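**Q** After the C-alpha cells below, expect a handful of questions from me.
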Amino acid sequence: MSQNQEIRPVFTKHLLHPRYWLTWLGIGFLYLLVLLPYPIIYQLGKSLGLLSMKLIGKRKETAKQNLKLCFPDKSQQERDALLRDNFISTGLAIFETGMAWFWSDRRLAKHSSIVGDDYITKVQQSGQGVLLIGIHFLTLELGARILGMSHPGVGVYRPNDNLVMDYVQLKGRLKSNKYMLDRYNTKGMIRALKNGELLWYAPDHDYGPKNSVFAPLFSVEKAATTIGTRILVKLGQPAIIPFTPKREKKGHYIVDVTPVLEGYPIDDDVLAAAFMNKAIEHEILKAPEQYMWLHRRFKTRPKGEAPLYTDSVQSD
C-alpha cells in the first residue's frame with residue numbers, strides 16, 4: 001500500500017471464507033440488536049457490562065489501578081462506584097458501536113445533539129484545517145458518527161487483523177468520514193490538514209517509548225505521551241479542537257466541542273505533551289465513567305522506574 005493512499009473498504013470473495021462465518025454471524029446479530037428500541041439496548045448493554053466486570057478480572061484490575069493512580073484523593077468507595085459505572089459503559093460501548101455503524105442519520109439525530117458546533121464551522125470557513133482531538137471515550141465511535149453528520153472529516157485508522165471486522169468497521173466509519181488514513185501515514189495527515197480538512201486524532205493512549213516523551217497526566221507525573229500531535233500541528237498548522245461524546249440519561253448523546261486551544265508550545269516536545277495532557281484531563285473530567293480506563297495507559301515507564309502494572313515496559 002502506498003504511504004499516501006486513502007483506505008477504502010473493498011469486498012472480495014475471500015471475506016466469505018468459512019473462517020469468517022462466525023464473525024459475520026456476530027455482526028448480523030449486533031445489527032439486529034441495535035434495531036431494538038433504545039431502552040432495551042440500554043438494559044442489554046448495562047447487563048453485559050456488569051457481567052464482564054465479573055469475567056474479565058485482568059481488565060478490571062487495570063481499570064482499578066488507573067483510577068487509583070489518577071484519582072488518589074477520591075475515597076475507595078468513590079473509585080468503586082466509578083469502576084462499576086465504567087464497566088456499564090464498557091458493555092454499552094459494544095451496542096453504541098453498532099449504533100454508529102448501522103443506525104440511519106434520522107434515527108441518530110433523534111438521540112443526539114452537538115454543543116459548540118460553531119467552533120468547528122468558523123475554522124473551516126476560514127480555510128484552516130482542524131485537528132480534532134478525539135479522546136478515547138467508550139462512546140468515541142458513536143460521537144464521531146454524530147459529529148461527522150455535520151462535519152465529515154478524515155479518519156485515522158488502525159487496520160483490524162480480522163478482515164471482515166476491518167471491512168465492516170471501514171464501511172461504518174465512512175458514514176462520517178470522507179476517507180481513512182493509516183495511523184502511520186503522517187504525510188497523508190499533514191496533507192489533509194494543509195488542504196483545510198478536519199482530521200480525527202487520538203493522542204491519549206500509551207503507544208510505547210518510541211516517539212514519546214514523559215509528561216504529567218492527572219497524578220501520574222511521568223506518562224508516556226506521543227509527540228505526534230506536535231508534528232502534525234507544526235507541519236499542518238491546524239486549529240486544535242478537542243471534543244467529548246457523552247451519554248446522558250434517557251438515551252441522549254451530546255457531543256461537547258471545546259473552543260480552539262490557544263498557546264500550544266509548538267517548539268518543545270515535553271511542554272507540548274504536557275499541554276495536550278492538560279486538555280485531555282479537562283475532557284475526561286466531563287464524563288470520567290465513560291473513559292476507556294481498561295487500557296494500560298501508564299504501561300511504559302522511564303528507565304529505572306518501577307512498573308505501575310505487572311507487565312509494564314521500561315523506556316530505553
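By convention in this document, the chains of the C-alpha cells carry letters A, B, ... by their order, each chain's residues are numbered from 1, and ligands are numbered from 1 in the order they are shown.
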Could you give me, as a PyMOL selection string, each residue of region 43-224 of chain A that DSSP assigns to alpha helix (DSSP H) when run on this structure's backbone?

**A** chain A and resi 43-55+57-70+76-102+105-110+117-126+140-148+163-173+186-194

**Q** Mind checking which residues fall within 12 Å of Pro288 (chain A), counting only C-alpha atoms, ignoring those fewer than 4 positions away in the same chain, and posting them as a PyMOL selection string?

**A** chain A and resi 63+66-67+70-71+78-79+81-87+89+135-139+244-247+280-284+292-293

**Q** I need the residues from that last selection saved to file as a tab-separated table (two decimals), in the first residue's frame (with N, CA, C and O atoms), if you can.

**A**
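Produced file out.tsv, reproduced below:
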```
chain	number	residue	atom	x	y	z
A	63	ALA	N	-8.23	-1.29	35.24
A	63	ALA	CA	-9.07	-0.12	35.45
A	63	ALA	C	-8.98	0.38	36.89
A	63	ALA	O	-8.88	1.59	37.13
A	66	ASN	N	-5.70	2.21	37.27
A	66	ASN	CA	-5.74	3.52	36.60
A	66	ASN	C	-6.49	4.55	37.44
A	66	ASN	O	-6.04	5.70	37.58
A	67	LEU	N	-7.62	4.16	37.98
A	67	LEU	CA	-8.41	5.08	38.79
A	67	LEU	C	-7.67	5.46	40.07
A	67	LEU	O	-7.73	6.61	40.51
A	70	CYS	N	-4.82	7.92	39.00
A	70	CYS	CA	-5.28	9.23	38.52
A	70	CYS	C	-6.05	10.02	39.58
A	70	CYS	O	-6.00	11.25	39.59
A	71	PHE	N	-6.77	9.30	40.45
A	71	PHE	CA	-7.62	9.97	41.43
A	71	PHE	C	-7.30	9.50	42.85
A	71	PHE	O	-8.16	8.94	43.54
A	78	GLU	N	-15.74	5.89	46.35
A	78	GLU	CA	-15.97	6.68	45.14
A	78	GLU	C	-15.36	6.01	43.92
A	78	GLU	O	-15.96	5.98	42.84
A	79	ARG	N	-14.15	5.46	44.09
A	79	ARG	CA	-13.49	4.80	42.96
A	79	ARG	C	-14.22	3.51	42.59
A	79	ARG	O	-14.32	3.16	41.41
A	81	ALA	N	-17.44	2.98	42.87
A	81	ALA	CA	-18.65	3.38	42.15
A	81	ALA	C	-18.31	3.79	40.73
A	81	ALA	O	-19.03	3.47	39.77
A	82	LEU	N	-17.18	4.50	40.56
A	82	LEU	CA	-16.73	4.90	39.24
A	82	LEU	C	-16.37	3.69	38.39
A	82	LEU	O	-16.68	3.63	37.18
A	83	LEU	N	-15.75	2.69	39.02
A	83	LEU	CA	-15.38	1.46	38.31
A	83	LEU	C	-16.63	0.73	37.82
A	83	LEU	O	-16.68	0.28	36.66
A	84	ARG	N	-17.63	0.63	38.66
A	84	ARG	CA	-18.88	-0.04	38.26
A	84	ARG	C	-19.53	0.69	37.09
A	84	ARG	O	-19.94	0.06	36.10
A	85	ASP	N	-19.62	1.99	37.18
A	85	ASP	CA	-20.22	2.76	36.09
A	85	ASP	C	-19.40	2.64	34.81
A	85	ASP	O	-19.96	2.63	33.70
A	86	ASN	N	-18.09	2.51	34.97
A	86	ASN	CA	-17.23	2.37	33.81
A	86	ASN	C	-17.46	1.04	33.10
A	86	ASN	O	-17.44	0.99	31.85
A	87	PHE	N	-17.70	-0.02	33.85
A	87	PHE	CA	-17.99	-1.31	33.22
A	87	PHE	C	-19.35	-1.30	32.55
A	87	PHE	O	-19.54	-1.95	31.51
A	89	SER	N	-20.56	1.29	31.09
A	89	SER	CA	-20.26	1.99	29.84
A	89	SER	C	-19.52	1.09	28.86
A	89	SER	O	-19.70	1.21	27.64
A	135	ILE	N	-10.61	12.09	22.32
A	135	ILE	CA	-10.18	11.33	23.49
A	135	ILE	C	-10.83	9.93	23.43
A	135	ILE	O	-11.94	9.77	22.93
A	136	HIS	N	-10.14	8.92	23.98
A	136	HIS	CA	-10.63	7.55	23.91
A	136	HIS	C	-11.76	7.29	24.91
A	136	HIS	O	-11.62	6.54	25.88
A	137	PHE	N	-12.90	7.93	24.65
A	137	PHE	CA	-14.10	7.60	25.40
A	137	PHE	C	-14.70	6.33	24.81
A	137	PHE	O	-14.52	6.02	23.63
A	138	LEU	N	-15.43	5.61	25.65
A	138	LEU	CA	-16.10	4.40	25.17
A	138	LEU	C	-17.19	4.74	24.17
A	138	LEU	O	-17.64	3.88	23.40
A	139	THR	N	-17.61	6.00	24.15
A	139	THR	CA	-18.61	6.49	23.20
A	139	THR	C	-17.99	7.12	21.96
A	139	THR	O	-18.70	7.73	21.16
A	244	THR	N	-15.77	15.86	23.24
A	244	THR	CA	-16.13	14.77	24.13
A	244	THR	C	-17.54	14.27	23.81
A	244	THR	O	-18.49	15.06	23.87
A	245	PRO	N	-17.70	12.99	23.47
A	245	PRO	CA	-19.04	12.43	23.28
A	245	PRO	C	-19.54	11.85	24.60
A	245	PRO	O	-18.92	10.94	25.15
A	246	LYS	N	-20.64	12.35	25.11
A	246	LYS	CA	-21.15	11.94	26.42
A	246	LYS	C	-22.54	11.31	26.30
A	246	LYS	O	-23.39	11.81	25.58
A	247	ARG	N	-22.73	10.22	27.01
A	247	ARG	CA	-24.04	9.60	27.10
A	247	ARG	C	-24.79	10.23	28.26
A	247	ARG	O	-24.36	10.15	29.41
A	280	ILE	N	-6.54	16.91	27.71
A	280	ILE	CA	-7.15	15.59	27.82
A	280	ILE	C	-7.80	15.42	29.19
A	280	ILE	O	-8.93	14.90	29.30
A	281	GLU	N	-7.12	15.84	30.24
A	281	GLU	CA	-7.69	15.78	31.59
A	281	GLU	C	-9.02	16.53	31.65
A	281	GLU	O	-10.01	16.04	32.22
A	282	HIS	N	-9.04	17.71	31.07
A	282	HIS	CA	-10.24	18.54	31.07
A	282	HIS	C	-11.41	17.82	30.42
A	282	HIS	O	-12.55	17.86	30.92
A	283	GLU	N	-11.13	17.13	29.32
A	283	GLU	CA	-12.20	16.40	28.63
A	283	GLU	C	-12.65	15.17	29.41
A	283	GLU	O	-13.84	14.90	29.53
A	284	ILE	N	-11.71	14.42	29.96
A	284	ILE	CA	-12.06	13.21	30.71
A	284	ILE	C	-12.95	13.54	31.90
A	284	ILE	O	-13.91	12.80	32.20
A	292	MET	N	-12.04	5.17	28.65
A	292	MET	CA	-11.52	3.82	28.49
A	292	MET	C	-10.43	3.53	29.53
A	292	MET	O	-9.23	3.49	29.21
A	293	TRP	N	-10.84	3.29	30.75
A	293	TRP	CA	-9.89	3.02	31.82
A	293	TRP	C	-9.32	1.61	31.75
A	293	TRP	O	-8.35	1.28	32.45
```

**Q** Would you please work out which residue, of A:Met99, A:Ala274, A:Leu16, A:Met149, is nearest to Glu221 (chain A) when using only C-alpha atoms?

**A**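 Distance minimum relative to Glu221 (chain A) lands on A:Ala274.
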
**Q** Using the chain letters and numbers from this document, which residues of region 51-188 of chain A does DSSP assign to strand (DSSP E), as number ranges by chain?

**A** A: 112-115, 130-134, 153-157, 177-182

**Q** Could the residues in this selection be written to a file with C-alpha atoms, as a PDB file, in the first residue's frame?

**A**
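Result written to again-v1.pdb:
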```pdb
ATOM      1  CA  SER A 112     -28.121  13.255  19.798  1.00  0.00           C
ATOM      2  CA  SER A 113     -27.084  16.883  19.758  1.00  0.00           C
ATOM      3  CA  ILE A 114     -23.874  18.878  19.397  1.00  0.00           C
ATOM      4  CA  VAL A 115     -22.718  21.663  21.710  1.00  0.00           C
ATOM      5  CA  VAL A 130      -8.847  21.262  12.093  1.00  0.00           C
ATOM      6  CA  LEU A 131      -7.008  18.743  14.257  1.00  0.00           C
ATOM      7  CA  LEU A 132      -9.945  17.233  16.121  1.00  0.00           C
ATOM      8  CA  ILE A 133      -8.692  15.667  19.335  1.00  0.00           C
ATOM      9  CA  GLY A 134     -10.793  12.581  19.960  1.00  0.00           C
ATOM     10  CA  GLY A 153     -13.577  14.580   8.154  1.00  0.00           C
ATOM     11  CA  VAL A 154     -10.574  12.353   7.582  1.00  0.00           C
ATOM     12  CA  GLY A 155     -10.250   9.396   9.935  1.00  0.00           C
ATOM     13  CA  VAL A 156      -7.016   7.981  11.335  1.00  0.00           C
ATOM     14  CA  TYR A 157      -7.284   4.237  11.335  1.00  0.00           C
ATOM     15  CA  ASN A 177     -15.612  10.422   7.098  1.00  0.00           C
ATOM     16  CA  LYS A 178     -14.571  11.406   3.594  1.00  0.00           C
ATOM     17  CA  TYR A 179     -11.807   8.817   3.663  1.00  0.00           C
ATOM     18  CA  MET A 180      -9.494   6.987   6.084  1.00  0.00           C
ATOM     19  CA  LEU A 181      -5.731   7.065   6.546  1.00  0.00           C
ATOM     20  CA  ASP A 182      -3.455   4.535   8.191  1.00  0.00           C
TER      21      ASP A 182
END
```

**Q** Of the candidates A:Asn162, A:Arg296, A:Pro307, A:Tyr253, which one gets nearest to Lys58 (chain A) if we count only C-alpha atoms?

**A**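 Closest residue, counting only C-alpha atoms: A:Arg296.
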